[in-house]
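Data block for protein28.csv (CSV, C-alpha atoms):
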chain,number,residue,atom,x,y,z
R,1,MET,CA,22.8,60.7,57.9
R,2,LYS,CA,23.1,59.0,54.5
R,3,THR,CA,26.5,60.5,53.8
R,4,SER,CA,27.9,59.7,57.2
R,5,LYS,CA,27.4,56.0,56.5
R,6,ILE,CA,29.1,56.3,53.2
R,7,ILE,CA,32.1,58.1,54.7
R,8,LEU,CA,32.2,55.4,57.4
R,9,GLY,CA,32.2,52.8,54.6
R,10,TYR,CA,35.2,54.6,52.9
R,11,PHE,CA,37.1,54.7,56.1
R,12,ILE,CA,36.6,51.0,56.6
R,13,TYR,CA,37.2,50.0,53.0
R,14,LEU,CA,40.4,52.0,52.3
R,15,PRO,CA,42.6,50.6,55.1
R,16,ILE,CA,41.5,47.0,54.5
R,17,ALA,CA,42.2,47.2,50.8
R,18,LEU,CA,45.6,48.9,51.2
R,19,VAL,CA,46.7,46.5,54.0
R,20,LEU,CA,45.5,43.5,52.0
R,21,THR,CA,47.5,44.6,48.9
R,22,TYR,CA,50.6,45.3,51.1
R,23,TYR,CA,50.4,41.9,52.8
R,24,VAL,CA,49.9,39.9,49.5
R,25,ALA,CA,52.7,41.8,47.7
R,26,LYS,CA,55.1,41.3,50.7
R,27,THR,CA,54.4,37.6,50.8
R,28,LEU,CA,54.6,37.1,47.0
R,29,PHE,CA,57.8,39.0,46.4
R,30,LYS,CA,59.7,37.8,49.4
R,31,ASN,CA,59.4,34.3,48.0
R,32,SER,CA,59.8,35.2,44.4
R,33,THR,CA,63.5,36.1,44.8
R,34,VAL,CA,64.3,32.3,44.7
R,35,PHE,CA,62.5,32.0,41.3
R,36,MET,CA,64.2,35.1,39.9
R,37,ILE,CA,67.7,33.9,40.9
R,38,GLU,CA,66.9,30.6,39.2
R,39,ILE,CA,65.6,32.3,36.1
R,40,PHE,CA,68.6,34.5,35.7
R,41,LYS,CA,71.0,31.7,36.5
R,42,GLY,CA,72.4,33.0,39.8
R,43,LYS,CA,73.0,36.6,38.5
R,44,GLU,CA,71.7,38.2,41.7
R,45,GLU,CA,71.9,41.8,40.6
R,46,ILE,CA,69.5,41.5,37.6
R,47,ALA,CA,67.3,39.1,39.5
R,48,ASN,CA,66.7,41.6,42.3
R,49,ALA,CA,66.2,44.4,39.8
R,50,THR,CA,63.5,42.4,38.0
R,51,ASN,CA,61.9,41.4,41.3
R,52,THR,CA,61.7,45.1,42.4
R,53,LEU,CA,60.2,46.1,39.0
R,54,PHE,CA,57.5,43.4,39.2
R,55,LYS,CA,56.8,44.5,42.8
R,56,VAL,CA,56.3,48.2,41.7
R,57,GLY,CA,54.0,47.1,38.9
R,58,PHE,CA,51.9,44.9,41.3
R,59,TYR,CA,51.5,47.7,43.8
R,60,LEU,CA,50.5,50.2,41.2
R,61,LEU,CA,48.0,47.9,39.4
R,62,ASN,CA,46.3,46.8,42.6
R,63,ILE,CA,46.2,50.0,44.5
R,64,GLY,CA,44.9,51.8,41.4
R,65,PHE,CA,42.1,49.2,41.0
R,66,ALA,CA,41.3,49.5,44.8
R,67,LEU,CA,40.9,53.2,44.5
R,68,LEU,CA,38.9,53.0,41.3
R,69,ILE,CA,36.2,50.7,42.7
R,70,LEU,CA,35.9,52.8,46.0
R,71,LYS,CA,32.8,54.8,45.1
R,72,ILE,CA,29.5,53.9,46.9
R,73,ASN,CA,26.5,55.2,45.0
R,74,ALA,CA,24.0,57.0,47.3
R,75,HIS,CA,21.0,55.2,45.9
R,76,GLU,CA,22.4,51.8,46.8
R,77,ILE,CA,22.6,52.5,50.5
R,78,ASN,CA,19.9,53.0,53.2
R,79,GLU,CA,20.5,54.5,56.5
R,80,THR,CA,21.0,51.1,58.1
R,81,TYR,CA,24.1,49.4,59.1
R,82,GLN,CA,22.9,46.3,57.4
R,83,SER,CA,23.1,47.8,53.9
R,84,LEU,CA,26.6,49.2,54.7
R,85,ILE,CA,27.8,45.8,55.7
R,86,GLU,CA,26.4,44.2,52.6
R,87,ILE,CA,27.9,46.8,50.3
R,88,LEU,CA,31.3,46.6,52.0
R,89,SER,CA,31.3,42.8,51.9
R,90,LYS,CA,30.6,42.9,48.2
R,91,LYS,CA,33.5,45.4,47.6
R,92,ILE,CA,36.1,43.8,49.8
R,93,GLY,CA,35.2,40.2,48.7
R,94,GLY,CA,35.4,41.3,45.0
R,95,PHE,CA,38.7,43.0,45.6
R,96,SER,CA,40.1,39.9,47.4
R,97,ILE,CA,39.1,37.6,44.6
R,98,TYR,CA,40.7,40.0,42.1
R,99,LEU,CA,43.9,40.1,44.2
R,100,GLY,CA,44.0,36.3,44.4
R,101,PHE,CA,43.7,36.2,40.6
R,102,MET,CA,46.6,38.6,40.2
R,103,LEU,CA,48.6,36.5,42.7
R,104,PHE,CA,48.1,33.4,40.6
R,105,LEU,CA,48.9,35.3,37.4
R,106,ASN,CA,52.2,36.4,38.9
R,107,MET,CA,53.0,32.9,40.1
R,108,PHE,CA,52.2,31.5,36.6
R,109,LEU,CA,54.6,34.0,35.1
R,110,PHE,CA,57.4,32.9,37.5
R,111,PHE,CA,56.8,29.2,36.9
R,112,ARG,CA,56.8,29.8,33.1
R,113,GLY,CA,60.0,31.8,33.3
R,114,ARG,CA,61.7,29.1,35.3
R,115,LYS,CA,60.6,26.4,32.8
R,116,LYS,CA,61.8,28.5,29.8
R,117,SER,CA,65.1,29.2,31.4
R,118,LYS,CA,65.6,25.5,32.0
R,119,THR,CA,65.0,24.6,28.4
R,120,MET,CA,67.2,27.4,27.1
R,121,GLN,CA,70.2,26.3,29.1
R,122,VAL,CA,72.6,25.6,26.3
R,123,PRO,CA,72.3,28.8,24.2
R,124,THR,CA,72.4,31.2,27.2
R,125,ASN,CA,75.5,29.5,28.5
R,126,LEU,CA,77.2,30.2,25.1
R,127,VAL,CA,76.1,33.8,25.3
R,128,VAL,CA,77.6,34.2,28.8
R,129,LYS,CA,80.9,32.9,27.7
R,130,ASP,CA,80.9,35.3,24.8
Z,1,MET,CA,39.0,76.6,52.7
Z,2,ASN,CA,37.2,75.6,49.5
Z,3,GLN,CA,36.8,71.8,49.1
Z,4,ASN,CA,38.2,72.0,45.6
Z,5,LEU,CA,41.4,73.7,46.8
Z,6,LEU,CA,41.8,71.1,49.6
Z,7,GLY,CA,41.3,68.4,47.0
Z,8,TYR,CA,44.0,69.9,44.6
Z,9,LEU,CA,46.4,70.1,47.5
Z,10,LEU,CA,45.9,66.5,48.7
Z,11,PHE,CA,46.0,65.2,45.0
Z,12,ALA,CA,49.2,67.1,44.3
Z,13,ILE,CA,50.8,65.6,47.5
Z,14,ILE,CA,49.7,62.0,46.8
Z,15,MET,CA,50.7,62.1,43.1
Z,16,ALA,CA,54.0,63.7,43.8
Z,17,TYR,CA,54.9,61.1,46.4
Z,18,ILE,CA,53.9,58.2,44.1
Z,19,ILE,CA,55.5,59.6,40.9
Z,20,ILE,CA,58.8,60.4,42.6
Z,21,LYS,CA,59.0,57.1,44.5
Z,22,VAL,CA,58.2,55.0,41.4
Z,23,GLY,CA,60.5,57.0,39.2
Z,24,TYR,CA,63.4,56.6,41.7
Z,25,LYS,CA,62.8,52.8,42.0
Z,26,CYS,CA,62.7,52.4,38.2
Z,27,TYR,CA,65.8,54.6,37.8
Z,28,LYS,CA,67.8,52.6,40.4
Z,29,ASN,CA,66.8,49.1,39.1
Z,30,GLY,CA,66.7,50.0,35.4
Z,31,ILE,CA,70.4,50.8,35.3
Z,32,VAL,CA,71.1,47.0,35.7
Z,33,PHE,CA,69.2,46.3,32.5
Z,34,ILE,CA,70.8,49.1,30.5
Z,35,ASP,CA,74.2,47.9,31.7
Z,36,THR,CA,73.4,44.4,30.4
Z,37,LEU,CA,72.3,45.7,27.1
Z,38,ILE,CA,75.2,48.2,26.6
Z,39,PRO,CA,78.0,46.5,28.5
Z,40,ASP,CA,81.0,48.4,27.1
Z,41,ASP,CA,80.0,52.0,27.7
Z,42,PRO,CA,78.6,52.6,31.2
Z,43,LYS,CA,78.6,56.4,30.8
Z,44,PHE,CA,76.4,56.2,27.8
Z,45,GLY,CA,74.1,53.9,29.7
Z,46,LEU,CA,73.8,56.3,32.6
Z,47,GLN,CA,72.9,59.1,30.2
Z,48,ILE,CA,70.2,57.0,28.5
Z,49,ASN,CA,68.8,56.1,32.0
Z,50,ARG,CA,68.7,59.8,33.0
Z,51,LEU,CA,66.9,60.7,29.7
Z,52,LEU,CA,64.4,58.0,30.3
Z,53,LEU,CA,63.7,59.3,33.8
Z,54,VAL,CA,63.2,62.9,32.5
Z,55,GLY,CA,60.7,61.5,29.9
Z,56,TYR,CA,58.9,59.6,32.6
Z,57,TYR,CA,58.6,62.7,34.8
Z,58,LEU,CA,57.4,64.9,31.9
Z,59,THR,CA,54.7,62.4,30.9
Z,60,ASN,CA,53.3,61.8,34.4
Z,61,ILE,CA,53.5,65.3,35.8
Z,62,GLY,CA,52.1,66.7,32.6
Z,63,TYR,CA,49.1,64.3,32.7
Z,64,THR,CA,48.6,64.9,36.4
Z,65,VAL,CA,48.5,68.7,36.0
Z,66,PHE,CA,46.3,68.4,33.0
Z,67,SER,CA,43.8,66.3,34.8
Z,68,LEU,CA,43.5,69.0,37.5
Z,69,SER,CA,41.7,71.2,34.9
Z,70,GLN,CA,38.9,68.7,34.5
Z,71,TRP,CA,37.6,68.4,38.1
Z,72,GLU,CA,34.0,69.2,38.7
Z,73,ASN,CA,32.8,71.3,41.7
Z,74,ILE,CA,33.1,69.5,45.0
Z,75,ALA,CA,30.6,70.2,47.8
Z,76,THR,CA,31.0,67.6,50.5
Z,77,THR,CA,33.7,65.5,52.1
Z,78,THR,CA,32.2,62.3,50.6
Z,79,GLU,CA,32.5,63.7,47.1
Z,80,LEU,CA,36.0,64.9,47.9
Z,81,ILE,CA,37.1,61.3,48.8
Z,82,GLU,CA,35.4,59.8,45.8
Z,83,VAL,CA,36.8,62.2,43.3
Z,84,LEU,CA,40.3,62.0,44.8
Z,85,SER,CA,40.4,58.2,44.8
Z,86,ILE,CA,39.0,57.9,41.3
Z,87,LYS,CA,41.3,60.5,39.8
Z,88,SER,CA,44.4,59.1,41.4
Z,89,GLY,CA,43.3,55.5,40.7
Z,90,ILE,CA,43.1,56.3,36.9
Z,91,ILE,CA,46.6,57.8,37.0
Z,92,ILE,CA,48.1,54.9,39.0
Z,93,ILE,CA,46.6,52.3,36.7
Z,94,GLY,CA,47.9,54.2,33.7
Z,95,LEU,CA,51.3,54.2,35.3
Z,96,SER,CA,51.1,50.5,35.9
Z,97,VAL,CA,50.2,49.9,32.3
Z,98,LEU,CA,53.1,51.9,31.1
Z,99,HIS,CA,55.3,50.0,33.6
Z,100,TYR,CA,54.2,46.6,32.3
Z,101,ILE,CA,54.8,47.7,28.7
Z,102,ASN,CA,58.3,48.7,29.7
Z,103,ILE,CA,58.9,45.3,31.3
Z,104,ILE,CA,57.6,43.4,28.3
Z,105,SER,CA,59.7,45.5,25.9
Z,106,LEU,CA,62.8,45.0,28.0
Z,107,THR,CA,62.2,41.2,28.0
Z,108,ILE,CA,61.8,41.2,24.2
Z,109,VAL,CA,64.9,43.3,23.7
Z,110,LEU,CA,66.9,41.0,26.0
Z,111,LYS,CA,65.7,37.9,24.3
Z,112,ASN,CA,66.4,39.2,20.8
Z,113,ARG,CA,69.9,40.1,21.8
Z,114,THR,CA,70.6,36.6,23.1
Z,115,ILE,CA,69.3,35.0,20.0
Z,116,LYS,CA,71.3,37.3,17.6
Z,117,ILE,CA,74.6,36.6,19.4

Could you rewrite the structure in this file as structure tokens?
Amino acid sequence: MKTSKIILGYFIYLPIALVLTYYVAKTLFKNSTVFMIEIFKGKEEIANATNTLFKVGFYLLNIGFALLILKINAHEINETYQSLIEILSKKIGGFSIYLGFMLFLNMFLFFRGRKKSKTMQVPTNLVVKD
Amino acid sequence: MNQNLLGYLLFAIIMAYIIIKVGYKCYKNGIVFIDTLIPDDPKFGLQINRLLLVGYYLTNIGYTVFSLSQWENIATTTELIEVLSIKSGIIIIGLSVLHYINIISLTIVLKNRTIKI
């Protein structure tokens, strides 16, 4: 009985965490192409490459973290649905907050890159001509 | 079937999918950076890229196979899911750390190059 509740918890937690990660990554990296093109001064090839690399890193980090915090200890849970819901809400809420933090970190990187590329306008233009 | 054997099978399938997919994406997108760094010799760049891919495969497949030897005995399906997710989670996070180190070093190399010229 105890283990069946834990398995039920896993089967609820895993799809929610994976879909959440997928949705956040899709939204973030669909809109970040604009930033990337601005950072790399319209060179679309390298902008798209950087965008894809950041996307791969984002997926790996967050799915890895979601899998790492999956385990529900047997002594934390009773046979009731109440404790299952409490544990699940703790896990999913914590993961959402972590995901939001990662989202803001990525956005911060994009904004910083844009600012830096704007201030470095003159030397990079010289390099492109070379 | 033994639960451990089932676990090894699932683990191998998941990790092979992730490793091959990530390697292919990095290979496809990394060639742009190498071409930017070595603009005059595309053949040399391609060879470097291929060597990097081989190194990546060796590191990851080696670690994955090595971590198979350290599994404990699995009795129930619950334990199977837990062990599977924790083991693959560790490898995926390790992969992402390596990946971010790669991105950071690429950025540093690109920046140094622009300053020197």

Quiz item: With distances taken over only C-alpha atoms, which of R:Ile37, R:Leu67, R:Ala49, R:Ile72 is nearest to Z:Thr78?
Solution: R:Ile72

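Within 6 Å of chain Z, and using only C-alpha atoms, the residues found on chain R are Ile7, Ala49, Gly57, Leu60, Leu61, Gly64, Leu67, Leu68 and Lys71 of chain R.
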
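You will find atom CA of R:Leu70 at 22.8 Å from atom CA of Z:Phe66.
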
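Distance-wise, atom CA of R:Tyr98 and atom CA of R:Ala17 end up 11.4 Å apart.
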
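In this model, the gap between atom CA of R:Tyr13 and atom CA of R:Leu103 comes to 20.5 Å.
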
Quiz prompt | Among the residues R:Phe110, R:Phe101, R:Tyr22, R:Tyr10, the one that comes closest to R:Val56 [using only C-alpha atoms] | solution = R:Tyr22

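With all atoms listed in the file as the atoms that count, the minimum distance from R:Phe111 to the choices R:Ile39, R:Ala25, R:Ile16, R:Ile92 is reached by R:Ile39.
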
As a compact mmCIF listing (two decimals), keeping the file's coordinate frame, the rebuilt stretch 8-19 of chain Z with all heavy atoms:
# COMPACT_ATOMS: atom_id res chain seq x y z
N TYR Z 8 42.77 69.69 45.49
CA TYR Z 8 44.00 69.90 44.60
C TYR Z 8 45.23 69.68 45.45
O TYR Z 8 46.18 69.03 45.00
CB TYR Z 8 43.98 71.29 44.04
CG TYR Z 8 42.86 71.57 43.07
CD1 TYR Z 8 42.41 72.86 42.86
CD2 TYR Z 8 42.26 70.54 42.38
CE1 TYR Z 8 41.39 73.12 41.99
CE2 TYR Z 8 41.23 70.79 41.51
CZ TYR Z 8 40.80 72.08 41.31
OH TYR Z 8 39.78 72.33 40.45
N LEU Z 9 45.23 70.21 46.69
CA LEU Z 9 46.40 70.10 47.50
C LEU Z 9 46.72 68.63 47.85
O LEU Z 9 47.85 68.16 47.65
CB LEU Z 9 46.18 70.89 48.83
CG LEU Z 9 47.39 71.03 49.74
CD1 LEU Z 9 48.41 71.92 49.08
CD2 LEU Z 9 46.97 71.62 51.07
N LEU Z 10 45.67 67.90 48.31
CA LEU Z 10 45.90 66.50 48.70
C LEU Z 10 46.30 65.69 47.42
O LEU Z 10 47.21 64.86 47.48
CB LEU Z 10 44.58 65.90 49.21
CG LEU Z 10 44.22 66.33 50.62
CD1 LEU Z 10 42.86 65.78 51.00
CD2 LEU Z 10 45.26 65.85 51.59
N PHE Z 11 45.64 65.95 46.28
CA PHE Z 11 46.00 65.20 45.00
C PHE Z 11 47.41 65.47 44.64
O PHE Z 11 48.13 64.52 44.31
CB PHE Z 11 45.01 65.77 43.95
CG PHE Z 11 45.10 65.04 42.65
CD1 PHE Z 11 44.71 63.73 42.55
CD2 PHE Z 11 45.55 65.69 41.52
CE1 PHE Z 11 44.77 63.07 41.36
CE2 PHE Z 11 45.61 65.03 40.32
CZ PHE Z 11 45.22 63.72 40.24
N ALA Z 12 47.85 66.75 44.71
CA ALA Z 12 49.20 67.10 44.30
C ALA Z 12 50.20 66.32 45.25
O ALA Z 12 51.20 65.76 44.77
CB ALA Z 12 49.47 68.57 44.40
N ILE Z 13 49.91 66.29 46.56
CA ILE Z 13 50.80 65.60 47.50
C ILE Z 13 50.90 64.14 47.19
O ILE Z 13 51.99 63.56 47.06
CB ILE Z 13 50.40 65.88 48.95
CG1 ILE Z 13 50.61 67.34 49.31
CG2 ILE Z 13 51.19 65.00 49.89
CD1 ILE Z 13 50.02 67.72 50.64
N ILE Z 14 49.72 63.48 47.04
CA ILE Z 14 49.70 62.00 46.80
C ILE Z 14 50.42 61.70 45.50
O ILE Z 14 51.30 60.83 45.45
CB ILE Z 14 48.24 61.52 46.73
CG1 ILE Z 14 47.54 61.69 48.07
CG2 ILE Z 14 48.20 60.06 46.32
CD1 ILE Z 14 46.07 61.41 48.01
N MET Z 15 50.09 62.42 44.43
CA MET Z 15 50.70 62.10 43.10
C MET Z 15 52.16 62.36 43.11
O MET Z 15 52.91 61.59 42.53
CB MET Z 15 49.98 62.85 42.00
CG MET Z 15 48.57 62.40 41.69
SD MET Z 15 48.23 60.68 41.95
CE MET Z 15 49.19 59.93 40.69
N ALA Z 16 52.59 63.46 43.75
CA ALA Z 16 54.00 63.70 43.80
C ALA Z 16 54.77 62.63 44.48
O ALA Z 16 55.81 62.16 44.00
CB ALA Z 16 54.29 65.08 44.46
N TYR Z 17 54.23 62.18 45.61
CA TYR Z 17 54.90 61.10 46.40
C TYR Z 17 55.00 59.85 45.47
O TYR Z 17 56.08 59.27 45.34
CB TYR Z 17 54.08 60.79 47.62
CG TYR Z 17 54.60 59.62 48.38
CD1 TYR Z 17 55.76 59.73 49.13
CD2 TYR Z 17 53.95 58.39 48.36
CE1 TYR Z 17 56.26 58.66 49.82
CE2 TYR Z 17 54.42 57.31 49.05
CZ TYR Z 17 55.58 57.45 49.78
OH TYR Z 17 56.07 56.37 50.46
N ILE Z 18 53.87 59.45 44.84
CA ILE Z 18 53.90 58.20 44.10
C ILE Z 18 54.81 58.33 42.85
O ILE Z 18 55.64 57.45 42.59
CB ILE Z 18 52.45 57.85 43.61
CG1 ILE Z 18 51.64 57.41 44.82
CG2 ILE Z 18 52.47 56.74 42.58
CD1 ILE Z 18 50.20 57.17 44.53
N ILE Z 19 54.71 59.46 42.12
CA ILE Z 19 55.50 59.60 40.90
C ILE Z 19 57.00 59.62 41.23
O ILE Z 19 57.81 58.94 40.59
CB ILE Z 19 55.10 60.90 40.16
CG1 ILE Z 19 53.74 60.69 39.51
CG2 ILE Z 19 56.12 61.25 39.09
CD1 ILE Z 19 53.20 61.92 38.86
